[in-house]
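As provided, target-v4.pdb (PDB, C-alpha atoms, pLDDT in the B column) reads as follows.
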MODEL        1
ATOM      1  CA  MET A  10     123.292  86.581  99.875  1.00 44.00           C
ATOM      2  CA  GLY A  11     124.308  83.296  98.276  1.00 57.00           C
ATOM      3  CA  ALA A  12     124.030  82.419  94.621  1.00 69.00           C
ATOM      4  CA  GLY A  13     121.850  79.461  95.603  1.00 93.00           C
ATOM      5  CA  ALA A  14     119.129  81.736  96.985  1.00 95.00           C
ATOM      6  CA  LYS A  15     119.204  83.887  93.858  1.00 94.00           C
ATOM      7  CA  SER A  16     118.937  80.855  91.569  1.00 95.00           C
ATOM      8  CA  GLU A  17     116.068  79.401  93.576  1.00 96.00           C
ATOM      9  CA  ALA A  18     114.255  82.737  93.472  1.00 96.00           C
ATOM     10  CA  ILE A  19     114.560  82.864  89.689  1.00 93.00           C
ATOM     11  CA  ARG A  20     113.268  79.294  89.378  1.00 95.00           C
ATOM     12  CA  LEU A  21     110.322  79.996  91.671  1.00 96.00           C
ATOM     13  CA  ILE A  22     109.341  83.142  89.782  1.00 95.00           C
ATOM     14  CA  GLY A  23     109.468  81.228  86.500  1.00 93.00           C
ATOM     15  CA  SER A  24     107.293  78.463  87.926  1.00 95.00           C
ATOM     16  CA  ALA A  25     104.866  80.969  89.484  1.00 96.00           C
ATOM     17  CA  SER A  26     104.495  82.749  86.138  1.00 94.00           C
ATOM     18  CA  ALA A  27     103.771  79.443  84.398  1.00 94.00           C
ATOM     19  CA  VAL A  28     101.150  78.497  86.980  1.00 96.00           C
ATOM     20  CA  MET A  29      99.525  81.938  86.768  1.00 95.00           C
ATOM     21  CA  GLU A  30      99.340  81.682  82.985  1.00 93.00           C
ATOM     22  CA  GLU A  31      97.658  78.275  83.280  1.00 94.00           C
ATOM     23  CA  ILE A  32      95.140  79.690  85.776  1.00 94.00           C
ATOM     24  CA  ALA A  33      94.420  82.495  83.335  1.00 92.00           C
ATOM     25  CA  GLY A  34      93.501  79.944  80.708  1.00 90.00           C
ATOM     26  CA  GLY A  35      96.743  79.705  78.804  1.00 79.00           C
ATOM     27  CA  GLU A  36      98.994  76.735  78.155  1.00 82.00           C
ATOM     28  CA  PRO A  37      99.174  74.043  80.862  1.00 91.00           C
ATOM     29  CA  ALA A  38     102.202  74.470  83.104  1.00 91.00           C
ATOM     30  CA  GLU A  39     104.954  71.863  82.895  1.00 95.00           C
ATOM     31  CA  ALA A  40     105.190  69.287  85.675  1.00 96.00           C
ATOM     32  CA  GLU A  41     108.446  70.833  86.891  1.00 96.00           C
ATOM     33  CA  HIS A  42     106.710  74.140  87.546  1.00 96.00           C
ATOM     34  CA  LEU A  43     103.677  72.534  89.171  1.00 96.00           C
ATOM     35  CA  ASN A  44     105.869  70.428  91.455  1.00 97.00           C
ATOM     36  CA  ARG A  45     108.007  73.382  92.518  1.00 97.00           C
ATOM     37  CA  ILE A  46     105.003  75.498  93.445  1.00 98.00           C
ATOM     38  CA  GLY A  47     103.190  72.478  94.886  1.00 97.00           C
ATOM     39  CA  ARG A  48     105.742  72.137  97.684  1.00 97.00           C
ATOM     40  CA  LEU A  49     105.256  75.612  99.099  1.00 98.00           C
ATOM     41  CA  LEU A  50     102.396  75.047 101.560  1.00 98.00           C
ATOM     42  CA  ASP A  51     104.357  72.329 103.312  1.00 97.00           C
ATOM     43  CA  HIS A  52     107.851  73.796 103.110  1.00 97.00           C
ATOM     44  CA  GLY A  53     107.551  77.520 102.502  1.00 97.00           C
ATOM     45  CA  ILE A  54     110.316  79.828 101.328  1.00 98.00           C
ATOM     46  CA  SER A  55     113.481  80.637 103.258  1.00 96.00           C
ATOM     47  CA  HIS A  56     114.053  84.251 104.268  1.00 94.00           C
ATOM     48  CA  ARG A  57     117.056  84.446 101.913  1.00 95.00           C
ATOM     49  CA  VAL A  58     115.019  83.265  98.938  1.00 97.00           C
ATOM     50  CA  ASP A  59     112.123  85.501 100.006  1.00 97.00           C
ATOM     51  CA  HIS A  60     114.488  88.480  99.910  1.00 96.00           C
ATOM     52  CA  GLN A  61     115.791  87.530  96.484  1.00 95.00           C
ATOM     53  CA  ILE A  62     112.290  87.062  95.029  1.00 95.00           C
ATOM     54  CA  ARG A  63     111.402  90.604  96.115  1.00 93.00           C
ATOM     55  CA  GLN A  64     114.546  91.972  94.435  1.00 89.00           C
ATOM     56  CA  ARG A  65     114.087  90.344  91.024  1.00 84.00           C
ATOM     57  CA  ASP A  66     113.366  92.566  88.028  1.00 72.00           C
ATOM     58  CA  THR A  67     110.884  90.508  86.025  1.00 67.00           C
ATOM     59  CA  SER A  68     109.088  93.234  84.112  1.00 69.00           C
ATOM     60  CA  ALA A  69     108.251  90.995  81.150  1.00 63.00           C
ATOM     61  CA  SER A  70     106.501  88.277  83.165  1.00 79.00           C
ATOM     62  CA  SER A  71     102.927  87.760  84.321  1.00 87.00           C
ATOM     63  CA  TRP A  72     104.376  87.622  87.827  1.00 93.00           C
ATOM     64  CA  SER A  73     105.470  91.261  87.826  1.00 88.00           C
ATOM     65  CA  SER A  74     102.266  92.528  86.201  1.00 90.00           C
ATOM     66  CA  LEU A  75     100.014  91.033  88.888  1.00 94.00           C
ATOM     67  CA  GLU A  76      97.676  93.528  90.537  1.00 93.00           C
ATOM     68  CA  VAL A  77      96.407  93.172  94.079  1.00 97.00           C
ATOM     69  CA  ASP A  78      92.833  92.438  92.947  1.00 97.00           C
ATOM     70  CA  GLY A  79      94.040  89.241  91.264  1.00 96.00           C
ATOM     71  CA  VAL A  80      95.576  87.683  94.373  1.00 98.00           C
ATOM     72  CA  ALA A  81      92.448  86.011  95.766  1.00 98.00           C
ATOM     73  CA  ALA A  82      91.528  84.275  92.492  1.00 97.00           C
ATOM     74  CA  ILE A  83      95.032  82.881  92.063  1.00 97.00           C
ATOM     75  CA  ALA A  84      95.161  81.655  95.663  1.00 97.00           C
ATOM     76  CA  GLU A  85      91.746  80.016  95.293  1.00 97.00           C
ATOM     77  CA  ALA A  86      92.789  78.219  92.117  1.00 96.00           C
ATOM     78  CA  GLU A  87      96.162  77.134  93.521  1.00 97.00           C
ATOM     79  CA  PRO A  88      96.478  77.446  97.325  1.00 97.00           C
ATOM     80  CA  ASN A  89     100.265  76.957  97.227  1.00 98.00           C
ATOM     81  CA  MET A  90     100.518  80.224  95.308  1.00 98.00           C
ATOM     82  CA  LEU A  91      99.405  82.158  98.401  1.00 98.00           C
ATOM     83  CA  VAL A  92     102.812  81.397  99.923  1.00 98.00           C
ATOM     84  CA  MET A  93     104.593  82.521  96.767  1.00 98.00           C
ATOM     85  CA  LEU A  94     102.539  85.703  96.449  1.00 98.00           C
ATOM     86  CA  GLY A  95     103.562  86.564  99.993  1.00 98.00           C
ATOM     87  CA  SER A  96     107.046  87.181  98.589  1.00 97.00           C
ATOM     88  CA  HIS A  97     105.921  89.344  95.668  1.00 96.00           C
ATOM     89  CA  LYS A  98     107.831  92.535  94.865  1.00 94.00           C
ATOM     90  CA  SER A  99     104.643  94.570  95.284  1.00 94.00           C
ATOM     91  CA  GLY A 100     103.973  95.431  98.907  1.00 96.00           C
ATOM     92  CA  TYR A 101     100.248  95.577  98.151  1.00 97.00           C
ATOM     93  CA  VAL A 102     100.328  91.980  96.912  1.00 97.00           C
ATOM     94  CA  ARG A 103     102.326  90.815  99.935  1.00 98.00           C
ATOM     95  CA  GLN A 104      99.906  92.540 102.287  1.00 98.00           C
ATOM     96  CA  GLU A 105      96.859  91.029 100.583  1.00 98.00           C
ATOM     97  CA  SER A 106      98.457  87.576 100.660  1.00 98.00           C
ATOM     98  CA  ALA A 107      99.057  87.889 104.401  1.00 98.00           C
ATOM     99  CA  ARG A 108      95.508  89.152 104.918  1.00 98.00           C
ATOM    100  CA  LEU A 109      94.066  86.137 103.078  1.00 98.00           C
ATOM    101  CA  ALA A 110      96.179  83.807 105.212  1.00 98.00           C
ATOM    102  CA  ILE A 111      94.779  85.026 108.540  1.00 98.00           C
ATOM    103  CA  PRO A 112      91.345  83.286 108.284  1.00 98.00           C
ATOM    104  CA  ILE A 113      93.184  80.043 107.487  1.00 98.00           C
ATOM    105  CA  VAL A 114      95.223  80.458 110.664  1.00 98.00           C
ATOM    106  CA  GLU A 115      92.123  81.264 112.683  1.00 97.00           C
ATOM    107  CA  ALA A 116      90.435  78.120 111.324  1.00 97.00           C
ATOM    108  CA  GLY A 117      93.394  76.056 112.559  1.00 96.00           C
ATOM    109  CA  THR A 118      94.206  74.724 109.090  1.00 97.00           C
ATOM    110  CA  ALA A 119      97.336  76.714 108.193  1.00 98.00           C
ATOM    111  CA  ARG A 120     100.256  74.632 106.962  1.00 98.00           C
ATOM    112  CA  PRO A 121     103.945  75.329 107.671  1.00 98.00           C
ATOM    113  CA  GLY A 122     104.710  77.226 104.477  1.00 98.00           C
ATOM    114  CA  LEU A 123     101.867  79.645 105.115  1.00 98.00           C
ATOM    115  CA  THR A 124     102.818  80.337 108.727  1.00 98.00           C
ATOM    116  CA  ARG A 125     106.420  80.834 107.675  1.00 98.00           C
ATOM    117  CA  MET A 126     105.291  83.413 105.114  1.00 98.00           C
ATOM    118  CA  LEU A 127     103.278  85.276 107.746  1.00 98.00           C
ATOM    119  CA  ALA A 128     106.286  85.382 110.057  1.00 98.00           C
ATOM    120  CA  GLN A 129     108.400  86.890 107.281  1.00 98.00           C
ATOM    121  CA  ARG A 130     105.797  89.566 106.717  1.00 98.00           C
ATOM    122  CA  ALA A 131     105.721  90.297 110.460  1.00 98.00           C
ATOM    123  CA  LEU A 132     109.441  91.065 110.206  1.00 97.00           C
ATOM    124  CA  GLU A 133     109.020  93.649 107.448  1.00 96.00           C
ATOM    125  CA  VAL A 134     109.681  97.338 107.992  1.00 93.00           C
ATOM    126  CA  ILE A 135     106.647  98.518 105.973  1.00 96.00           C
ATOM    127  CA  PRO A 136     104.083  99.204 108.732  1.00 97.00           C
ATOM    128  CA  SER A 137     100.935  98.102 106.883  1.00 97.00           C
ATOM    129  CA  ILE A 138     102.445  94.742 105.872  1.00 98.00           C
ATOM    130  CA  LYS A 139     104.082  94.238 109.252  1.00 98.00           C
ATOM    131  CA  GLU A 140     100.752  94.841 110.992  1.00 98.00           C
ATOM    132  CA  VAL A 141      98.949  92.138 109.009  1.00 98.00           C
ATOM    133  CA  GLY A 142     101.788  89.640 109.349  1.00 98.00           C
ATOM    134  CA  THR A 143     102.024  90.285 113.082  1.00 98.00           C
ATOM    135  CA  ALA A 144      98.280  89.764 113.517  1.00 98.00           C
ATOM    136  CA  GLY A 145      98.462  86.409 111.762  1.00 98.00           C
ATOM    137  CA  VAL A 146     101.426  85.115 113.757  1.00 98.00           C
ATOM    138  CA  ALA A 147     100.008  86.434 117.028  1.00 98.00           C
ATOM    139  CA  ALA A 148      96.769  84.528 116.360  1.00 98.00           C
ATOM    140  CA  LEU A 149      98.740  81.360 115.575  1.00 98.00           C
ATOM    141  CA  PHE A 150     100.809  81.576 118.759  1.00 98.00           C
ATOM    142  CA  ALA A 151      97.804  82.482 120.913  1.00 98.00           C
ATOM    143  CA  GLN A 152      95.897  79.431 119.655  1.00 97.00           C
ATOM    144  CA  GLU A 153      98.748  77.120 120.559  1.00 97.00           C
ATOM    145  CA  LEU A 154      99.411  78.724 123.938  1.00 96.00           C
ATOM    146  CA  ALA A 155      95.717  78.324 124.807  1.00 96.00           C
ATOM    147  CA  SER A 156      95.496  74.731 123.574  1.00 96.00           C
ATOM    148  CA  ASP A 157      95.682  71.611 125.730  1.00 94.00           C
ATOM    149  CA  ASN A 158      98.552  70.238 123.671  1.00 93.00           C
ATOM    150  CA  THR A 159     101.231  68.699 125.899  1.00 89.00           C
ATOM    151  CA  GLY A 160     103.224  67.016 123.171  1.00 89.00           C
ATOM    152  CA  ARG A 161     105.440  68.178 120.360  1.00 93.00           C
ATOM    153  CA  LEU A 162     105.145  71.703 119.015  1.00 94.00           C
ATOM    154  CA  PRO A 163     103.073  71.494 115.789  1.00 96.00           C
ATOM    155  CA  THR A 164     105.196  71.972 112.680  1.00 96.00           C
ATOM    156  CA  ALA A 165     103.196  74.959 111.415  1.00 98.00           C
ATOM    157  CA  VAL A 166     103.689  76.772 114.727  1.00 98.00           C
ATOM    158  CA  GLU A 167     107.329  75.745 115.001  1.00 97.00           C
ATOM    159  CA  ARG A 168     108.148  77.095 111.533  1.00 97.00           C
ATOM    160  CA  ALA A 169     106.747  80.507 112.413  1.00 98.00           C
ATOM    161  CA  ALA A 170     108.465  80.533 115.812  1.00 97.00           C
ATOM    162  CA  ARG A 171     111.805  79.671 114.232  1.00 96.00           C
ATOM    163  CA  GLU A 172     111.399  82.298 111.538  1.00 97.00           C
ATOM    164  CA  ILE A 173     110.800  84.924 114.223  1.00 98.00           C
ATOM    165  CA  THR A 174     113.580  83.958 116.636  1.00 96.00           C
ATOM    166  CA  GLU A 175     116.215  83.273 113.970  1.00 95.00           C
ATOM    167  CA  ASN A 176     116.054  86.830 112.619  1.00 94.00           C
ATOM    168  CA  THR A 177     118.738  88.935 114.307  1.00 93.00           C
ATOM    169  CA  LYS A 178     116.455  91.992 114.232  1.00 93.00           C
ATOM    170  CA  CYS A 179     113.484  90.187 115.771  1.00 95.00           C
ATOM    171  CA  ALA A 180     113.766  91.860 119.183  1.00 95.00           C
ATOM    172  CA  GLU A 181     113.677  95.291 117.581  1.00 95.00           C
ATOM    173  CA  GLN A 182     110.916  94.547 115.071  1.00 95.00           C
ATOM    174  CA  CYS A 183     108.489  92.283 116.936  1.00 96.00           C
ATOM    175  CA  PRO A 184     109.384  91.805 120.625  1.00 97.00           C
ATOM    176  CA  GLU A 185     105.912  90.556 121.570  1.00 97.00           C
ATOM    177  CA  LEU A 186     106.101  87.750 119.011  1.00 98.00           C
ATOM    178  CA  VAL A 187     109.581  86.853 120.231  1.00 98.00           C
ATOM    179  CA  MET A 188     108.283  86.433 123.769  1.00 98.00           C
ATOM    180  CA  SER A 189     105.358  84.264 122.619  1.00 98.00           C
ATOM    181  CA  ALA A 190     107.635  82.110 120.449  1.00 98.00           C
ATOM    182  CA  LEU A 191     110.017  81.516 123.338  1.00 97.00           C
ATOM    183  CA  ASP A 192     107.093  80.696 125.647  1.00 97.00           C
ATOM    184  CA  LEU A 193     106.090  78.002 123.162  1.00 97.00           C
ATOM    185  CA  PHE A 194     109.610  76.592 122.944  1.00 95.00           C
ATOM    186  CA  GLU A 195     109.631  76.306 126.742  1.00 93.00           C
ATOM    187  CA  LEU A 196     106.185  74.701 126.976  1.00 93.00           C
ATOM    188  CA  ARG A 197     106.295  72.252 124.074  1.00 93.00           C
ATOM    189  CA  VAL A 198     108.390  69.245 123.167  1.00 90.00           C
ATOM    190  CA  GLY A 199     110.979  69.648 120.389  1.00 89.00           C
ATOM    191  CA  ARG A 200     111.341  67.539 117.270  1.00 88.00           C
ATOM    192  CA  TYR A 201     114.971  66.423 117.747  1.00 87.00           C
ATOM    193  CA  SER A 202     115.961  63.518 119.975  1.00 75.00           C
ATOM    194  CA  ASN A 203     119.082  63.740 122.160  1.00 71.00           C
ATOM    195  CA  ASN A 204     119.701  60.846 124.541  1.00 68.00           C
ATOM    196  CA  GLY A 205     115.992  60.306 124.949  1.00 66.00           C
ATOM    197  CA  SER A 206     115.105  63.987 125.349  1.00 74.00           C
ATOM    198  CA  ARG A 207     113.191  65.933 122.732  1.00 84.00           C
ATOM    199  CA  ASP A 208     115.068  69.114 121.881  1.00 88.00           C
ATOM    200  CA  HIS A 209     114.240  72.068 119.609  1.00 91.00           C
ATOM    201  CA  HIS A 210     117.649  72.069 117.891  1.00 89.00           C
ATOM    202  CA  ARG A 211     119.914  69.657 116.135  1.00 88.00           C
ATOM    203  CA  HIS A 212     123.311  69.364 117.748  1.00 86.00           C
ATOM    204  CA  ASN A 213     125.717  69.107 114.842  1.00 89.00           C
ATOM    205  CA  LEU A 214     128.604  71.466 114.094  1.00 91.00           C
ATOM    206  CA  LYS A 215     126.807  73.328 111.311  1.00 92.00           C
ATOM    207  CA  GLU A 216     123.745  74.028 113.444  1.00 90.00           C
ATOM    208  CA  VAL A 217     125.758  75.038 116.511  1.00 91.00           C
ATOM    209  CA  ASP A 218     127.826  77.414 114.361  1.00 93.00           C
ATOM    210  CA  ARG A 219     124.639  78.941 112.943  1.00 91.00           C
ATOM    211  CA  ARG A 220     123.231  79.524 116.416  1.00 91.00           C
ATOM    212  CA  GLU A 221     126.507  81.036 117.588  1.00 94.00           C
ATOM    213  CA  GLN A 222     126.374  83.496 114.677  1.00 93.00           C
ATOM    214  CA  ILE A 223     122.801  84.516 115.522  1.00 92.00           C
ATOM    215  CA  MET A 224     123.700  84.933 119.184  1.00 92.00           C
ATOM    216  CA  SER A 225     126.853  86.908 118.417  1.00 94.00           C
ATOM    217  CA  GLU A 226     125.010  89.318 116.112  1.00 94.00           C
ATOM    218  CA  MET A 227     122.202  89.823 118.622  1.00 93.00           C
ATOM    219  CA  LYS A 228     124.700  90.537 121.399  1.00 94.00           C
ATOM    220  CA  ARG A 229     126.452  93.039 119.128  1.00 94.00           C
ATOM    221  CA  THR A 230     123.284  94.941 118.235  1.00 92.00           C
ATOM    222  CA  SER A 231     121.312  94.658 121.470  1.00 91.00           C
ATOM    223  CA  GLY A 232     123.249  97.528 123.027  1.00 90.00           C
ATOM    224  CA  ASP A 233     121.634  99.901 120.520  1.00 93.00           C
ATOM    225  CA  LEU A 234     118.097  99.056 121.630  1.00 94.00           C
ATOM    226  CA  THR A 235     116.209 101.653 123.658  1.00 94.00           C
ATOM    227  CA  ASN A 236     112.710 100.175 123.865  1.00 94.00           C
ATOM    228  CA  GLU A 237     112.235  98.195 127.095  1.00 96.00           C
ATOM    229  CA  ALA A 238     110.236  95.443 125.398  1.00 97.00           C
ATOM    230  CA  SER A 239     112.913  95.023 122.732  1.00 96.00           C
ATOM    231  CA  ILE A 240     115.700  94.924 125.323  1.00 96.00           C
ATOM    232  CA  ALA A 241     113.863  92.227 127.299  1.00 97.00           C
ATOM    233  CA  ALA A 242     113.186  90.216 124.123  1.00 97.00           C
ATOM    234  CA  ALA A 243     116.838  90.440 123.058  1.00 96.00           C
ATOM    235  CA  GLU A 244     118.067  89.272 126.445  1.00 96.00           C
ATOM    236  CA  ARG A 245     115.690  86.348 126.428  1.00 96.00           C
ATOM    237  CA  VAL A 246     116.428  85.171 122.891  1.00 95.00           C
ATOM    238  CA  ILE A 247     120.189  85.362 123.557  1.00 95.00           C
ATOM    239  CA  ALA A 248     119.684  83.246 126.675  1.00 95.00           C
ATOM    240  CA  PHE A 249     117.566  80.799 124.658  1.00 94.00           C
ATOM    241  CA  TYR A 250     120.321  80.262 122.095  1.00 93.00           C
ATOM    242  CA  GLN A 251     122.981  80.067 124.788  1.00 92.00           C
ATOM    243  CA  ALA A 252     121.047  77.332 126.604  1.00 89.00           C
ATOM    244  CA  SER A 253     120.434  75.489 123.330  1.00 88.00           C
ATOM    245  CA  MET A 254     124.152  74.812 122.897  1.00 84.00           C
ATOM    246  CA  SER A 255     123.750  71.851 125.277  1.00 77.00           C
ATOM    247  CA  PRO A 256     121.168  69.102 124.659  1.00 67.00           C
ATOM    248  CA  ALA A 257     118.049  69.337 126.829  1.00 57.00           C
TER     249      ALA A 257
ENDMDL
END
Before anything else, please render the file you have as C-alpha cells.
Amino acid sequence: MGAGAKSEAIRLIGSASAVMEEIAGGEPAEAEHLNRIGRLLDHGISHRVDHQIRQRDTSASSWSSLEVDGVAAIAEAEPNMLVMLGSHKSGYVRQESARLAIPIVEAGTARPGLTRMLAQRALEVIPSIKEVGTAGVAALFAQELASDNTGRLPTAVERAAREITENTKCAEQCPELVMSALDLFELRVGRYSNNGSRDHHRHNLKEVDRREQIMSEMKRTSGDLTNEASIAAAERVIAFYQASMSPA
C-alpha cells in the first residue's frame, strides 16, 4: 500500500472531522477541508485510500467517535460526507452509509462517488455490509440494463462496474455483480476513443500494465475457486481483460 494512499487517507479524515465539527455547531471548517470533502460525490475514494481510511487510529477525533445514529444527520447536512462515511472504521457506520445510498440509486440520482462506495462495500467480507453494498450495486446495474440507453455507459454506472471488475477477488466475492458489469461493458459505448471507436480502456503503457497485473493475479487465483458461479465469472473477466489489450 503506497505512502500516497496513506497520506490521502489522513488528509480526508482530518477534513471529515472538520466538516463534522462544523455540522455540530462548532467552528466553520476551512476552505481546504470543505473543498476536499466536496469532491467526493463526483470522484469518490479509491480502494487503496478506502482501505487506509479504515485502518487509521484516530481515537482523539470526532471522526472516530461517530456513532451509527449520527450518520443520517451528517449525510443530510453534507451529502458528500455519505461517501466518506462509507469508508469509516466502524462496520456499523459503513453499513448504514450504504443503506442510505440505496434509495438514491433507486431514484436514479446517484453520482459516481456514491456508486463507487457501494461497490467497495459489496466487495467486503463482512456479510451484513456486503449484503447492503451488493443490493445497491445490483439495483444500479439492473436499472441500466433495463434502460433504453444505446450510448455511452453513464459515469456513475461505469465507476461501480470498474470497481467491481478491477478487484482481483471479485469473482470469489460477488460473481453475479461481475457478470452484470461485464454485460454492461459489452452493451454500452466506452468513454475512450481509439481510431474512431469508443473503448472502455485507455491504451497507454501504464494502463496496459495495470490490466496485465489484474489478469495475471486472477489467472493465478482462479484455480482455487470451487463455486461454479465464481469460476464462470473469473473466466469471463479474464477474457474481458485479455480482449481489452487491443483497441475495439
Open item on the list: Report as a ChimeraX atom specification all protein, DNA and RNA residues lying within 10 Å of stretch 174-179 of chain A, evaluated on all atoms listed in the file, omitting residues in the same chain fewer than 6 positions from it.
Closed with: /A:56,128-129,131-132,185-188,190-191,219-220,222-231,239,242-243,246-247,249-250
Task: Between atom CA of A:Glu244 and atom CA of A:Leu214, distance in Å (one decimal) - done: 24.1 Å
Open item on the list: Just the number, please: distance in Å from atom CA of A:Gln64 to atom CA of A:His97, one decimal.
Closed with: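 Separation of atom CA of A:Gln64 and atom CA of A:His97: 9.1 Å.
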Task: Chain and number of each residue from the PyMOL selection byres ((chain A and resi 148) around 12), as a VMD selection string - done: chain A and resid 110 to 117 119 124 127 to 128 141 to 147 149 to 155 166 169 186 189 to 190
TODO: Go through A:Arg65, A:Arg130, A:Arg161, A:Arg125 one by one, measure the shortest atom-to-atom distance of each to A:Tyr201 using only C-alpha atoms, and give the residue with the smallest value.
DONE: A:Arg161
- [ ] To verify the selection step, state as a VMD selection string which residues the PyMOL selection byres ((chain A and resi 104) around 8) yields on this input.
- [x] chain A and resid 95 100 to 103 105 to 108 130 137 to 138 141 to 142
- [ ] Would you kindly identify which residues have an atom no farther than 9 Å from (107.7, 74.0, 97.4), using all atoms listed in the file and the file's own coordinates, and write them out as a list of chain:residue names?
- [x]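 Protein and nucleic acid residues near the point are A:Leu21, A:Asn44, A:Arg45, A:Ile46, A:Gly47, A:Arg48, A:Leu49, A:Leu50, A:Asp51, A:His52, A:Gly53, A:Ile54, A:Asn89, A:Gly122.
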TODO: Have a look at atom CA of A:Val58 and atom CA of A:Arg200 and let me know their distance in Å, one decimal.
DONE: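 Distance between the two atoms: 24.4 Å.
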TODO: Spell out the residues picked by the PyMOL selection byres ((chain A and resi 213) around 12) here, as an MDAnalysis selection string.
DONE: chainID A and resid 201 203 210:212 214:220 253:256
TODO: List every protein, DNA or RNA residue that has an atom no more than 10 Å from (119.5, 83.2, 94.2) in the file's coordinate frame, counting all atoms listed in the file, and report them as a PyMOL selection string.
DONE: chain A and resi 10-20+57-62+65
TODO: Go through A:Ile173, A:Leu109, A:Thr164, A:His209 one by one, measure the shortest atom-to-atom distance of each to A:Ala82 using only C-alpha atoms, and give the residue with the smallest value.
DONE: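 The shortest atom-to-atom distance to A:Ala82 comes from A:Leu109.
The shortest atom-to-atom distance to A:Ile240, with only C-alpha atoms taken into account, belongs to A:Glu181 out of A:Glu221, A:Glu140, A:Glu181, A:Glu30.
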Using all atoms of stretch 35-44 of chain A that appear in the file, construct an axis-aligned enclosing box with 3 Å of padding on every side and provide its centre coordinates and edge lengths in Å, rounded to one decimal, as lines of an AutoDock Vina configuration file.
center_x = 102.6
center_y = 74.5
center_z = 84.8
size_x = 17.7
size_y = 16.4
size_z = 19.3
Open item on the list: Using only C-alpha atoms for the distances, tell me which of A:Ala86, A:Ala248, A:Cys183, A:Arg171 is nearest to A:Gly34.
Closed with: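 Under the stated criterion, the closest residue is A:Ala86.
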- [ ] Determine the nearest neighbour of A:Pro184 from the options A:Asn236, A:Ser55, A:Ser99, A:Ser26, counting all atoms listed in the file.
- [x]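 The answer is A:Asn236, which sits nearest to A:Pro184.
In this comparison, which uses all atoms listed in the file, the residue of A:Pro136, A:Arg197, A:Val80, A:Leu123 approaching A:Asn158 most closely is A:Arg197.
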Could I see stretch 128-140 of chain A restored to N, CA, C and O atoms, set down as an mmCIF file, in the frame of the given file?
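Output below, filename selection_37.cif:
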data_model
loop_
_atom_site.group_PDB
_atom_site.id
_atom_site.type_symbol
_atom_site.label_atom_id
_atom_site.label_comp_id
_atom_site.auth_asym_id
_atom_site.auth_seq_id
_atom_site.Cartn_x
_atom_site.Cartn_y
_atom_site.Cartn_z
ATOM 1 N N ALA A 128 105.207 84.935 109.173
ATOM 2 C CA ALA A 128 106.286 85.382 110.057
ATOM 3 C C ALA A 128 107.249 86.314 109.322
ATOM 4 O O ALA A 128 107.719 87.314 109.882
ATOM 5 N N GLN A 129 107.531 86.010 108.069
ATOM 6 C CA GLN A 129 108.400 86.890 107.281
ATOM 7 C C GLN A 129 107.770 88.259 107.076
ATOM 8 O O GLN A 129 108.447 89.288 107.124
ATOM 9 N N ARG A 130 106.479 88.282 106.883
ATOM 10 C CA ARG A 130 105.797 89.566 106.717
ATOM 11 C C ARG A 130 105.756 90.333 108.047
ATOM 12 O O ARG A 130 105.784 91.563 108.049
ATOM 13 N N ALA A 131 105.699 89.631 109.152
ATOM 14 C CA ALA A 131 105.721 90.297 110.460
ATOM 15 C C ALA A 131 107.065 90.958 110.727
ATOM 16 O O ALA A 131 107.162 91.872 111.551
ATOM 17 N N LEU A 132 108.090 90.526 110.021
ATOM 18 C CA LEU A 132 109.441 91.065 110.206
ATOM 19 C C LEU A 132 109.760 92.187 109.218
ATOM 20 O O LEU A 132 110.882 92.683 109.200
ATOM 21 N N GLU A 133 108.789 92.566 108.414
ATOM 22 C CA GLU A 133 109.020 93.649 107.448
ATOM 23 C C GLU A 133 109.077 95.007 108.150
ATOM 24 O O GLU A 133 108.590 95.168 109.274
ATOM 25 N N VAL A 134 109.625 95.981 107.430
ATOM 26 C CA VAL A 134 109.681 97.338 107.992
ATOM 27 C C VAL A 134 108.510 98.199 107.510
ATOM 28 O O VAL A 134 108.255 99.257 108.074
ATOM 29 N N ILE A 135 107.808 97.764 106.458
ATOM 30 C CA ILE A 135 106.647 98.518 105.973
ATOM 31 C C ILE A 135 105.503 98.310 106.958
ATOM 32 O O ILE A 135 105.025 97.177 107.132
ATOM 33 N N PRO A 136 105.048 99.359 107.636
ATOM 34 C CA PRO A 136 104.083 99.204 108.732
ATOM 35 C C PRO A 136 102.816 98.444 108.377
ATOM 36 O O PRO A 136 102.363 97.598 109.149
ATOM 37 N N SER A 137 102.213 98.738 107.223
ATOM 38 C CA SER A 137 100.935 98.102 106.883
ATOM 39 C C SER A 137 101.090 96.594 106.674
ATOM 40 O O SER A 137 100.205 95.817 107.048
ATOM 41 N N ILE A 138 102.201 96.178 106.075
ATOM 42 C CA ILE A 138 102.445 94.742 105.872
ATOM 43 C C ILE A 138 102.798 94.088 107.196
ATOM 44 O O ILE A 138 102.295 93.014 107.533
ATOM 45 N N LYS A 139 103.659 94.738 107.942
ATOM 46 C CA LYS A 139 104.082 94.238 109.252
ATOM 47 C C LYS A 139 102.880 94.017 110.171
ATOM 48 O O LYS A 139 102.803 93.016 110.886
ATOM 49 N N GLU A 140 101.932 94.935 110.135
ATOM 50 C CA GLU A 140 100.752 94.841 110.992
ATOM 51 C C GLU A 140 99.933 93.591 110.689
ATOM 52 O O GLU A 140 99.486 92.890 111.598
#
